[in-house]
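Colleague: Sharing structure_27.cif, mmCIF, C-alpha atoms and all ligand atoms:
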```cif
data_structure
loop_
_atom_site.label_atom_id
_atom_site.label_comp_id
_atom_site.auth_asym_id
_atom_site.auth_seq_id
_atom_site.Cartn_x
_atom_site.Cartn_y
_atom_site.Cartn_z
CA MET A 23 26.28 -46.19 42.17
CA HIS A 24 25.16 -43.88 39.38
CA VAL A 25 21.63 -44.62 38.19
CA GLU A 26 20.59 -43.18 34.82
CA ARG A 27 17.07 -41.83 35.03
CA PRO A 28 14.82 -41.68 32.03
CA GLY A 29 14.29 -38.19 30.66
CA ILE A 30 17.44 -36.69 32.20
CA ALA A 31 19.16 -36.05 28.87
CA GLY A 32 18.45 -32.56 27.66
CA GLN A 33 17.51 -31.28 31.11
CA MET A 34 20.91 -30.97 32.74
CA GLY A 35 21.48 -27.38 33.80
CA LYS A 36 18.06 -26.23 32.57
CA ARG A 37 16.75 -23.40 34.70
CA VAL A 38 13.35 -23.74 36.29
CA LEU A 39 11.63 -20.93 38.13
CA LEU A 40 9.47 -22.70 40.72
CA ILE A 41 6.56 -20.60 41.96
CA VAL A 42 5.05 -21.93 45.17
CA THR A 43 1.56 -20.75 46.14
CA GLY A 44 -0.26 -21.20 49.42
CA GLY A 45 -1.78 -24.63 49.85
CA ILE A 46 -1.10 -27.58 52.10
CA ALA A 47 0.52 -29.34 49.12
CA ALA A 48 3.39 -26.86 49.51
CA CYS A 49 4.71 -29.35 52.07
CA LYS A 50 5.71 -31.53 49.08
CA VAL A 51 7.83 -28.72 47.63
CA PRO A 52 11.05 -29.65 49.48
CA GLU A 53 10.86 -33.12 47.92
CA LEU A 54 10.14 -31.61 44.52
CA ILE A 55 13.21 -29.39 44.78
CA ARG A 56 15.43 -32.22 46.03
CA ARG A 57 14.41 -34.59 43.25
CA GLY A 58 14.59 -31.82 40.66
CA ARG A 59 18.18 -31.09 41.61
CA GLU A 60 19.01 -34.80 41.46
CA ARG A 61 17.85 -34.62 37.84
CA GLY A 62 20.28 -31.79 37.17
CA LEU A 63 17.77 -28.94 37.16
CA ALA A 64 18.77 -25.52 38.46
CA LEU A 65 15.85 -24.30 40.55
CA ARG A 66 15.16 -20.78 41.66
CA CYS A 67 12.11 -20.37 43.89
CA VAL A 68 9.46 -17.73 44.43
CA LEU A 69 6.94 -18.03 47.27
CA THR A 70 3.68 -16.15 47.66
CA ARG A 71 2.94 -14.71 51.07
CA ALA A 72 0.41 -17.53 51.67
CA ALA A 73 2.99 -20.16 50.64
CA THR A 74 5.31 -19.00 53.42
CA GLN A 75 2.65 -20.19 55.90
CA PHE A 76 3.21 -23.77 54.69
CA VAL A 77 6.92 -23.88 53.81
CA THR A 78 9.58 -21.41 54.87
CA PRO A 79 11.78 -19.44 52.43
CA LEU A 80 14.77 -20.73 54.41
CA THR A 81 13.87 -24.39 53.79
CA VAL A 82 13.28 -23.75 50.10
CA ALA A 83 16.47 -21.70 49.70
CA SER A 84 18.60 -24.29 51.51
CA LEU A 85 17.34 -27.12 49.32
CA ALA A 86 17.49 -25.13 46.07
CA GLY A 87 20.95 -23.75 46.90
CA GLU A 88 19.71 -20.30 45.90
CA LYS A 89 17.95 -17.43 47.56
CA ALA A 90 14.14 -17.70 47.61
CA TYR A 91 12.17 -14.65 46.51
CA THR A 92 8.94 -13.49 48.10
CA ASP A 93 8.50 -9.78 47.69
CA LEU A 94 7.72 -7.66 44.64
CA PHE A 95 8.81 -4.47 46.32
CA SER A 96 11.96 -5.63 48.14
CA LEU A 97 14.66 -2.99 47.66
CA THR A 98 17.48 -5.44 48.27
CA ASP A 99 16.09 -8.07 45.89
CA GLU A 100 15.40 -5.44 43.26
CA ALA A 101 18.96 -4.11 43.58
CA GLU A 102 20.47 -7.61 43.29
CA MET A 103 18.16 -8.91 40.56
CA GLY A 104 15.29 -7.04 38.90
CA HIS A 105 12.15 -9.14 39.24
CA ILE A 106 11.65 -9.43 35.48
CA ARG A 107 15.04 -11.14 35.21
CA LEU A 108 13.74 -13.94 37.43
CA SER A 109 11.44 -15.13 34.65
CA ARG A 110 13.66 -14.01 31.78
CA GLU A 111 16.51 -16.20 32.99
CA ALA A 112 14.37 -19.33 33.28
CA ASP A 113 13.79 -21.99 30.62
CA LEU A 114 10.48 -22.97 32.21
CA LEU A 115 8.15 -21.66 34.91
CA VAL A 116 6.50 -24.24 37.16
CA VAL A 117 3.68 -23.32 39.53
CA ALA A 118 3.44 -26.02 42.21
CA PRO A 119 1.20 -26.16 44.07
CA ALA A 120 -1.11 -23.85 42.11
CA THR A 121 -4.12 -22.67 44.08
CA ALA A 122 -7.48 -21.72 42.57
CA ASP A 123 -6.48 -18.14 43.35
CA ILE A 124 -3.30 -18.13 41.23
CA LEU A 125 -5.16 -19.84 38.35
CA ALA A 126 -7.77 -17.05 38.47
CA LYS A 127 -5.05 -14.41 38.48
CA MET A 128 -3.19 -16.02 35.60
CA ALA A 129 -6.35 -16.49 33.53
CA ASN A 130 -7.22 -12.81 33.96
CA GLY A 131 -3.76 -11.30 33.70
CA LEU A 132 -3.65 -9.92 37.24
CA ALA A 133 -0.28 -8.94 38.66
CA ASP A 134 -0.52 -7.89 42.30
CA ASP A 135 2.42 -9.75 43.86
CA LEU A 136 5.77 -11.15 42.78
CA ALA A 137 4.43 -14.56 41.63
CA SER A 138 1.58 -13.22 39.50
CA THR A 139 3.75 -10.42 38.09
CA LEU A 140 6.39 -12.91 36.96
CA LEU A 141 3.73 -15.11 35.36
CA LEU A 142 2.38 -12.13 33.41
CA ALA A 143 5.84 -10.88 32.46
CA THR A 144 7.06 -14.14 30.95
CA ASP A 145 7.13 -15.51 27.43
CA LYS A 146 8.54 -18.85 28.61
CA PRO A 147 6.54 -22.09 28.76
CA VAL A 148 4.52 -22.51 31.96
CA LEU A 149 3.60 -25.75 33.72
CA VAL A 150 0.98 -25.72 36.45
CA ALA A 151 0.34 -28.37 39.12
CA PRO A 152 -3.04 -27.46 40.66
CA ALA A 153 -3.93 -28.45 44.22
CA MET A 154 -7.18 -27.51 45.87
CA ASN A 155 -10.41 -28.74 47.36
CA PRO A 156 -12.34 -30.87 44.80
CA ARG A 157 -15.31 -28.49 44.90
CA MET A 158 -13.05 -25.57 44.10
CA TRP A 159 -11.57 -27.54 41.19
CA ALA A 160 -15.08 -28.39 39.93
CA HIS A 161 -16.45 -24.84 40.32
CA PRO A 162 -17.49 -23.28 37.00
CA ALA A 163 -15.15 -20.33 37.66
CA THR A 164 -12.12 -22.65 37.99
CA ARG A 165 -13.27 -24.69 34.97
CA ARG A 166 -13.39 -21.44 32.95
CA ASN A 167 -9.95 -20.38 34.16
CA VAL A 168 -8.38 -23.76 33.36
CA GLU A 169 -9.94 -23.76 29.89
CA ARG A 170 -8.66 -20.22 29.28
CA LEU A 171 -5.15 -21.05 30.49
CA ALA A 172 -4.97 -24.23 28.40
CA ALA A 173 -5.99 -22.16 25.35
CA ASP A 174 -3.22 -19.68 26.23
CA GLY A 175 -0.69 -22.52 26.05
CA VAL A 176 -0.26 -23.26 29.78
CA ARG A 177 0.38 -26.97 30.44
CA PHE A 178 -1.24 -28.81 33.34
CA VAL A 179 -0.06 -31.78 35.37
CA GLY A 180 -2.74 -33.21 37.67
CA PRO A 181 -4.59 -32.71 39.89
CA GLU A 182 -4.94 -36.32 40.92
CA GLU A 183 -7.96 -38.05 42.44
CA GLY A 184 -7.85 -38.97 46.09
CA ASP A 185 -8.35 -37.79 49.65
CA VAL A 186 -7.45 -34.17 50.11
CA ALA A 187 -6.34 -32.57 53.37
CA CYS A 188 -9.78 -31.17 54.19
CA GLY A 189 -11.20 -34.70 54.34
CA GLU A 190 -13.02 -34.73 51.00
CA THR A 191 -12.35 -37.05 48.08
CA GLY A 192 -12.08 -36.22 44.39
CA PRO A 193 -9.73 -34.54 41.95
CA GLY A 194 -7.69 -31.94 43.79
CA ARG A 195 -4.47 -33.51 45.07
CA MET A 196 -1.30 -32.08 43.63
CA ALA A 197 0.48 -34.50 41.28
CA GLU A 198 3.37 -36.34 42.95
CA PRO A 199 6.79 -34.64 42.63
CA GLU A 200 8.01 -37.43 40.33
CA THR A 201 5.00 -36.91 38.02
CA ILE A 202 5.62 -33.15 37.94
CA LEU A 203 9.26 -33.78 37.05
CA GLU A 204 8.22 -36.12 34.23
CA ALA A 205 6.08 -33.30 32.82
CA VAL A 206 9.05 -30.92 33.20
CA ALA A 207 11.22 -33.43 31.34
CA ALA A 208 8.68 -33.66 28.51
CA MET A 209 8.66 -29.87 28.19
CA LEU A 210 12.43 -29.36 28.44
CA GLY A 211 13.58 -32.58 26.84
CA PRO A 212 14.63 -33.16 23.25
CA LYS A 213 12.20 -32.18 20.48
CA PRO A 214 11.78 -35.32 18.38
CA LEU A 215 10.16 -33.47 15.45
CA ALA A 216 12.57 -30.51 15.32
CA GLY A 217 13.30 -29.54 11.72
CA LEU A 218 10.18 -31.26 10.35
CA ARG A 219 7.13 -29.62 8.82
CA ALA A 220 3.57 -30.67 9.54
CA LEU A 221 0.13 -29.83 8.18
CA VAL A 222 -3.08 -30.36 10.17
CA THR A 223 -6.69 -29.80 9.11
CA SER A 224 -9.29 -29.22 11.80
CA GLY A 225 -12.91 -28.26 12.44
CA PRO A 226 -15.92 -28.41 10.18
CA THR A 227 -16.37 -26.62 6.88
CA HIS A 228 -19.33 -24.35 6.18
CA GLU A 229 -20.82 -24.58 2.70
CA PRO A 230 -23.04 -21.61 1.82
CA ILE A 231 -26.65 -22.05 0.71
CA ASP A 232 -27.10 -18.27 0.49
CA PRO A 233 -25.38 -15.36 2.27
CA VAL A 234 -26.97 -16.26 5.63
CA ARG A 235 -27.41 -20.05 5.59
CA TYR A 236 -24.94 -22.89 5.28
CA VAL A 237 -24.50 -26.67 5.44
CA ALA A 238 -22.10 -27.83 8.20
CA ASN A 239 -21.57 -30.54 10.84
CA ARG A 240 -21.01 -30.88 14.58
CA SER A 241 -17.20 -30.93 14.61
CA SER A 242 -15.67 -28.64 17.28
CA GLY A 243 -12.06 -28.78 16.03
CA ARG A 244 -10.85 -29.91 19.46
CA GLN A 245 -9.06 -33.02 18.20
CA GLY A 246 -7.38 -31.33 15.23
CA HIS A 247 -6.27 -28.32 17.27
CA ALA A 248 -4.85 -30.63 19.95
CA VAL A 249 -2.87 -32.52 17.30
CA ALA A 250 -1.47 -29.25 15.88
CA ARG A 251 -0.42 -28.16 19.32
CA ALA A 252 1.18 -31.48 20.26
CA LEU A 253 3.14 -31.49 16.98
CA ALA A 254 4.40 -27.96 17.72
CA GLU A 255 5.36 -28.99 21.25
CA ALA A 256 7.41 -31.82 19.75
CA GLY A 257 9.32 -29.22 17.74
CA ALA A 258 7.59 -29.42 14.34
CA ASP A 259 6.93 -26.34 12.22
CA VAL A 260 3.12 -26.66 12.03
CA THR A 261 0.52 -25.13 9.72
CA LEU A 262 -3.04 -25.63 10.95
CA VAL A 263 -5.80 -25.11 8.40
CA THR A 264 -9.04 -24.76 10.29
CA GLY A 265 -12.69 -24.34 9.43
CA PRO A 266 -14.91 -22.12 11.61
CA VAL A 267 -14.45 -23.12 15.30
CA ALA A 268 -14.89 -21.46 18.67
CA LEU A 269 -11.29 -22.25 19.75
CA SER A 270 -8.25 -20.00 20.11
CA ASP A 271 -5.37 -20.50 17.69
CA PRO A 272 -2.90 -22.94 19.31
CA PRO A 273 0.29 -21.23 20.51
CA GLY A 274 3.35 -21.62 18.30
CA VAL A 275 1.33 -22.81 15.29
CA THR A 276 0.75 -20.99 11.97
CA THR A 277 -3.05 -21.01 11.76
CA VAL A 278 -4.93 -20.40 8.52
CA HIS A 279 -8.68 -19.80 8.82
CA VAL A 280 -10.93 -21.01 6.02
CA VAL A 281 -14.65 -21.54 5.61
CA THR A 282 -15.35 -23.98 2.78
CA ALA A 283 -13.82 -27.29 1.70
CA ARG A 284 -12.43 -25.73 -1.45
CA GLU A 285 -10.71 -22.99 0.57
CA MET A 286 -9.32 -25.66 2.90
CA LEU A 287 -7.86 -27.56 -0.05
CA GLU A 288 -6.23 -24.43 -1.44
CA ALA A 289 -4.70 -23.52 1.94
CA CYS A 290 -3.37 -27.08 2.36
CA GLU A 291 -1.74 -27.01 -1.05
CA LYS A 292 -0.07 -23.73 -0.19
CA ALA A 293 1.40 -25.26 2.98
CA LEU A 294 3.20 -28.04 1.07
CA PRO A 295 5.77 -29.53 1.13
CA VAL A 296 5.43 -31.08 4.58
CA ASP A 297 6.80 -34.22 6.20
CA VAL A 298 3.56 -35.22 7.87
CA ALA A 299 -0.09 -34.37 7.23
CA VAL A 300 -2.87 -35.10 9.72
CA CYS A 301 -6.39 -34.57 8.36
CA ALA A 302 -8.69 -34.22 11.35
CA ALA A 303 -11.19 -31.84 9.74
CA ALA A 304 -14.78 -32.96 9.27
CA VAL A 305 -14.92 -31.66 5.71
CA CYS A 306 -18.43 -31.44 4.23
CA ASP A 307 -18.59 -34.08 1.53
CA TRP A 308 -21.06 -32.01 -0.49
CA ARG A 309 -21.78 -28.31 -1.01
CA PRO A 310 -24.84 -26.59 -2.41
CA ALA A 311 -24.11 -26.60 -6.13
CA ARG A 312 -25.31 -23.05 -6.77
CA PRO A 313 -25.32 -20.88 -3.63
CA ALA A 314 -27.87 -18.07 -4.02
CA PRO A 315 -26.30 -14.60 -4.22
CA ASP A 316 -29.15 -13.17 -2.10
CA LYS A 317 -31.09 -14.57 0.84
CA ILE A 318 -33.64 -17.11 -0.39
CA LYS A 319 -37.07 -15.71 0.51
CA LYS A 320 -40.20 -17.60 1.46
CA ALA A 321 -42.87 -16.90 -1.11
CA GLU A 322 -46.55 -17.32 -0.26
CA GLY A 323 -47.68 -20.84 -1.25
CA ALA A 324 -44.35 -21.72 -2.92
CA ALA A 325 -42.81 -25.18 -2.40
CA ALA A 326 -39.76 -25.53 -0.10
CA PRO A 327 -36.54 -25.12 -2.07
CA VAL A 328 -34.64 -28.27 -3.03
CA LEU A 329 -30.88 -28.14 -2.56
CA GLU A 330 -28.82 -29.56 -5.37
CA LEU A 331 -25.47 -30.71 -4.03
CA ALA A 332 -22.06 -31.00 -5.69
CA GLU A 333 -19.24 -33.18 -4.35
CA ASN A 334 -16.38 -31.46 -2.53
CA PRO A 335 -12.72 -32.35 -3.09
CA ASP A 336 -11.34 -35.02 -0.74
CA ILE A 337 -8.36 -33.29 0.87
CA LEU A 338 -6.94 -36.37 2.60
CA CYS A 339 -7.19 -38.44 -0.54
CA GLY A 340 -5.61 -35.66 -2.60
CA LEU A 341 -2.63 -35.45 -0.22
CA ALA A 342 -2.18 -39.21 -0.02
CA ARG A 343 -2.29 -39.72 -3.77
CA ARG A 344 -0.02 -36.86 -4.82
CA GLU A 345 2.77 -37.83 -7.14
CA ARG A 346 4.93 -34.84 -6.29
CA ALA A 347 5.55 -33.54 -2.77
CA ARG A 348 3.56 -36.31 -1.08
CA PRO A 349 4.07 -36.00 2.68
CA ARG A 350 6.10 -38.91 4.07
CA LEU A 351 3.27 -39.75 6.44
CA VAL A 352 -0.38 -39.03 5.61
CA ILE A 353 -2.82 -39.64 8.47
CA GLY A 354 -6.61 -39.45 8.44
CA PHE A 355 -9.44 -39.93 10.88
CA ALA A 356 -12.47 -42.10 10.20
CA ALA A 357 -15.65 -40.84 11.81
CA GLU A 358 -18.02 -43.81 11.92
CA THR A 359 -21.29 -44.65 13.60
CA GLU A 360 -21.24 -48.43 12.95
CA ALA A 361 -18.84 -51.21 11.82
CA LEU A 362 -15.97 -48.99 13.02
CA VAL A 363 -12.92 -51.04 12.05
CA ALA A 364 -14.34 -52.47 8.82
CA HIS A 365 -15.37 -49.05 7.52
CA ALA A 366 -12.13 -47.42 8.64
CA ARG A 367 -10.06 -50.14 6.97
CA GLU A 368 -11.97 -49.66 3.74
CA LYS A 369 -11.51 -45.87 4.04
CA ARG A 370 -7.75 -46.22 4.54
CA ARG A 371 -7.51 -48.33 1.40
CA ARG A 372 -9.79 -46.07 -0.67
CA LYS A 373 -8.06 -42.83 0.33
CA GLY A 374 -4.50 -44.19 0.12
CA CYS A 375 -3.42 -42.72 3.48
CA ASP A 376 -0.78 -44.41 5.64
CA TRP A 377 -2.59 -44.44 8.98
CA ILE A 378 -6.18 -43.92 9.96
CA LEU A 379 -7.51 -43.21 13.43
CA ALA A 380 -10.99 -44.67 13.65
CA ASN A 381 -13.37 -43.11 16.13
CA ASP A 382 -16.97 -43.89 16.92
CA VAL A 383 -18.93 -40.66 16.63
CA GLY A 384 -22.37 -42.21 17.07
CA ALA A 385 -25.07 -40.46 19.08
CA GLY A 386 -24.38 -40.97 22.78
CA THR A 387 -20.58 -41.25 22.45
CA GLY A 388 -20.18 -37.47 22.92
CA VAL A 389 -17.08 -37.55 20.71
CA LEU A 390 -18.20 -34.90 18.20
CA GLY A 391 -17.97 -31.63 20.08
CA GLY A 392 -16.77 -33.34 23.32
CA ASP A 393 -13.44 -33.52 25.17
CA ARG A 394 -12.80 -37.23 25.02
CA ASN A 395 -12.15 -39.74 22.30
CA ARG A 396 -11.61 -43.48 21.88
CA ILE A 397 -9.34 -44.44 19.01
CA VAL A 398 -8.50 -47.55 17.04
CA LEU A 399 -5.30 -46.92 15.08
CA LEU A 400 -4.94 -48.75 11.77
CA ARG A 401 -1.42 -48.64 10.34
CA ASP A 402 -1.62 -51.46 7.83
CA GLU A 403 -4.00 -54.07 6.50
CA GLU A 404 -3.88 -56.34 9.55
CA ASP A 405 -3.01 -54.04 12.41
CA ALA A 406 -5.76 -52.58 14.67
CA GLU A 407 -4.52 -50.99 17.89
CA SER A 408 -7.24 -49.98 20.35
CA TRP A 409 -6.44 -47.10 22.67
CA PRO A 410 -8.37 -46.60 25.90
CA GLU A 411 -10.78 -43.68 26.06
CA MET A 412 -8.82 -40.52 26.86
CA ASP A 413 -8.84 -36.75 26.65
CA LYS A 414 -8.39 -35.45 23.09
CA ARG A 415 -5.14 -33.76 24.18
CA GLU A 416 -3.77 -37.12 25.32
CA VAL A 417 -4.86 -38.71 22.02
CA ALA A 418 -2.88 -35.96 20.27
CA ARG A 419 0.25 -36.52 22.38
CA ARG A 420 0.11 -40.27 21.85
CA LEU A 421 -0.33 -39.83 18.11
CA VAL A 422 2.63 -37.45 17.99
CA ALA A 423 4.79 -39.96 19.89
CA GLU A 424 3.84 -42.60 17.27
CA ILE A 425 4.63 -40.16 14.43
CA ALA A 426 8.03 -39.34 15.97
CA ARG A 427 8.83 -43.04 16.32
CA ALA A 428 7.81 -43.83 12.75
CA LEU A 429 9.77 -40.97 11.18
CA ALA A 430 12.83 -41.68 13.32
CA ARG A 431 12.71 -45.33 12.20
CA GLU A 432 12.46 -44.25 8.58
CA ASP A 433 15.42 -41.87 9.02
CA GLY A 434 17.41 -44.62 10.76
CA ARG A 435 17.70 -42.38 13.83
N1 LIG B 501 -11.69 -35.88 4.46
C1 LIG B 501 -11.11 -34.90 3.67
N2 LIG B 501 -11.85 -34.30 2.70
C2 LIG B 501 -13.14 -34.64 2.50
C3 LIG B 501 -13.74 -35.64 3.30
C4 LIG B 501 -12.99 -36.24 4.28
O1 LIG B 501 -9.93 -34.59 3.86
N3 LIG B 501 -13.83 -34.03 1.55
C5 LIG B 501 -10.86 -36.56 5.46
C6 LIG B 501 -11.21 -36.26 6.90
O2 LIG B 501 -10.44 -35.17 7.38
C7 LIG B 501 -10.80 -37.56 7.59
C8 LIG B 501 -11.05 -38.62 6.53
O3 LIG B 501 -11.08 -37.93 5.30
O4 LIG B 501 -9.44 -37.59 7.88
C9 LIG B 501 -12.33 -39.39 6.70
O5 LIG B 501 -13.42 -38.53 6.88
P1 LIG B 501 -14.86 -39.14 7.15
O6 LIG B 501 -15.81 -38.02 7.31
O7 LIG B 501 -14.76 -40.19 8.20
O8 LIG B 501 -15.12 -39.93 5.80
P2 LIG B 501 -15.72 -39.51 4.43
O9 LIG B 501 -14.64 -39.47 3.42
O10 LIG B 501 -16.53 -38.27 4.57
O11 LIG B 501 -16.62 -40.79 4.11
P3 LIG B 501 -18.09 -41.18 4.66
O12 LIG B 501 -18.83 -39.87 4.77
O13 LIG B 501 -18.59 -42.06 3.61
O14 LIG B 501 -17.90 -41.86 5.98
#
```
Would it be possible to restate this file's structure as structure tokens?

Modeller:
Amino acid sequence: MHVERPGIAGQMGKRVLLIVTGGIAACKVPELIRRGRERGLALRCVLTRAATQFVTPLTVASLAGEKAYTDLFSLTDEAEMGHIRLSREADLLVVAPATADILAKMANGLADDLASTLLLATDKPVLVAPAMNPRMWAHPATRRNVERLAADGVRFVGPEEGDVACGETGPGRMAEPETILEAVAAMLGPKPLAGLRALVTSGPTHEPIDPVRYVANRSSGRQGHAVARALAEAGADVTLVTGPVALSDPPGVTTVHVVTAREMLEACEKALPVDVAVCAAAVCDWRPARPAPDKIKKAEGAAAPVLELAENPDILCGLARRERARPRLVIGFAAETEALVAHAREKRRRKGCDWILANDVGAGTGVLGGDRNRIVLLRDEEDAESWPEMDKREVARRLVAEIARALAREDGR
């Protein structure tokens, strides 16, 4: 009986370079290869020296139906297939299991064996399935490396919580083969937003008081940057207009850096026309009306200066209420500290946007500047869909899935 598996379309014949590093989770690699081939993937495998202690090249080669590679300086391998070709001929590189050691090498651009050299020599997407002791995963060095790799565009699947081989409990188990293959499918599968253009605003704005001081807010840009990246991963041609943030530009996204609300508005207008606009920036509602050309000095006995403020343009509202070149879908966020849904509903109406993602940014929620977010999505007057608390990257992926569904419905696809 032939059973159709979800996510198979678009993957048949795709070439995956599977890099196996040395951890006990390498014992799951044979199952990963077997199930990957059932899904129609062509797998070519590379093992580090440590990996060969846990799974043999012969096992891996027999299951993959292709020679397994282990050595950077093998004369025969080099004669048959230059090592750079191994990554050039792949559609995707998967590192499973990925030890703390390979993550450190990748994050720092080291290339001292075949696996790390291939990872440095590639411009293909990379998926990593970490597996290690929970303390190693929690160590600040690993945290730094993971953060760095995510900013470089590397995708992660797992690790999962549970008992690990050394008898401890916590996050560190490699994701199950089926979960890894789902992540592979998402990366290789069809791009639902291919051919569409998107605009995203992100971060705070800085409004100058004088050349050294400014008015701003606590936004980190994490949510907006994650949305831009998820839209690009779904195939959209994305322009991200960002205020000052301490984040790297997301890979595959045209990023425009601005400082003030008025610069943000101008950059957004330049990016039009787009199919979808997501305004995640925490734009300053007001700016000092007359920024001083020189640093304001303290004068002996003088009163503290009083700032006169002028209202900034509302970018979301401007996009939603355009008569010409209005994006088909205009989405805003509502940052609230009380009466979340009521205020967000009123904001959606007032600004004229199609959807609004309400989030509670009150003190103690850790949302502004943090990694996690809890959303209530309002798509019309009645609807209020509460999402569980999740990582901002997951919020972005879920939002993009909703956008893809809505635009496909509109296009009758
Ligand atoms: N927004 C914008 N331009 C502004 C102010 C806000 O584009 N000048 C957008 C934000 O990007 C967000 C939405 O409007 O998508 C709501 O922002 P929020 O700060 O929650 O609301 P405000 O309009 O600032 O209203 P209030 O301060 O009264 O809550």

Colleague: Might you pull out every residue within 6 Å of stretch 61-77 of chain A, with all atoms listed in the file counted and same-chain residues fewer than 4 positions away left off, and present them as a ChimeraX atom specification?

Modeller: /A:34-44,86,90-92

Colleague: Out of A:Leu421, A:Met286, A:Glu416, A:Asp316, which residue has the shortest atom-to-atom distance to ligand LIG 501 (chain B) when counting only C-alpha atoms and all ligand atoms?

Modeller: A:Met286

Colleague: So which residues touch stretch 168-181 of chain A within 7 Å, counting only C-alpha atoms, skipping near sequence neighbours fewer than 3 positions away, as a PyMOL selection string?

Modeller: chain A and resi 129+147-153+164-165+193-197+202+205+270+272-273

Colleague: As lines of an AutoDock Vina configuration file, what would the box around stretch 283-300 of chain A look like: edges along x, y and z, 3 Å added on every side, centre and edge lengths in Å to one decimal?

Modeller:
```
center_x = -3.5
center_y = -29.1
center_z = 4.1
size_x = 26.6
size_y = 18.2
size_z = 17.2
```

Colleague: Could you give me, as a tab-separated table, every chain A residue with an atom at most 7 Å from ligand LIG 501 (chain B), plus its closest atom pair and distance in Å to one decimal, counting only C-alpha atoms and all ligand atoms, rows ordered by chain then number?

Modeller:
```
residue	atom	partner	partner_atom	distance
A:Thr223	CA	B:LIG501	O2	6.8
A:Ala283	CA	B:LIG501	N3	6.7
A:Cys301	CA	B:LIG501	O2	4.2
A:Ala302	CA	B:LIG501	O2	4.4
A:Ala303	CA	B:LIG501	O2	4.1
A:Ala304	CA	B:LIG501	O2	5.2
A:Val305	CA	B:LIG501	C2	4.7
A:Cys306	CA	B:LIG501	N3	5.9
A:Asp307	CA	B:LIG501	N3	4.8
A:Asn334	CA	B:LIG501	N3	5.5
A:Pro335	CA	B:LIG501	N3	5.1
A:Asp336	CA	B:LIG501	N3	3.5
A:Ile337	CA	B:LIG501	O1	3.6
A:Leu338	CA	B:LIG501	O1	3.7
A:Cys339	CA	B:LIG501	O1	6.5
A:Ile353	CA	B:LIG501	O4	7.0
A:Gly354	CA	B:LIG501	O4	3.4
A:Phe355	CA	B:LIG501	O4	3.8
A:Ala356	CA	B:LIG501	O7	3.6
A:Ala357	CA	B:LIG501	O7	3.8
A:Glu358	CA	B:LIG501	O7	6.1
```

Colleague: To one decimal place in Å, what is the distance between atom CA of A:Val328 and atom CA of A:His228?

Modeller: 18.3 Å

Colleague: Give me, please, the distance in Å between atom CA of A:His161 and atom CA of A:Val389, quoted to one decimal.

Modeller: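 That distance, rounded to one decimal, is 23.4 Å.
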
Colleague: Atom CA of A:Pro52 to atom CA of A:Asn167: how many Å, to one decimal?

Modeller: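 Atom-to-atom, atom CA of A:Pro52 and atom CA of A:Asn167 are spaced 27.6 Å apart.
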
Colleague: Name the residues in contact with A:Leu329 at a cut-off of 9 Å, using all atoms listed in the file, excluding same-chain residues fewer than 6 positions from it; report them as an NGL selection string.

Modeller: :A and (231 or 310-312)
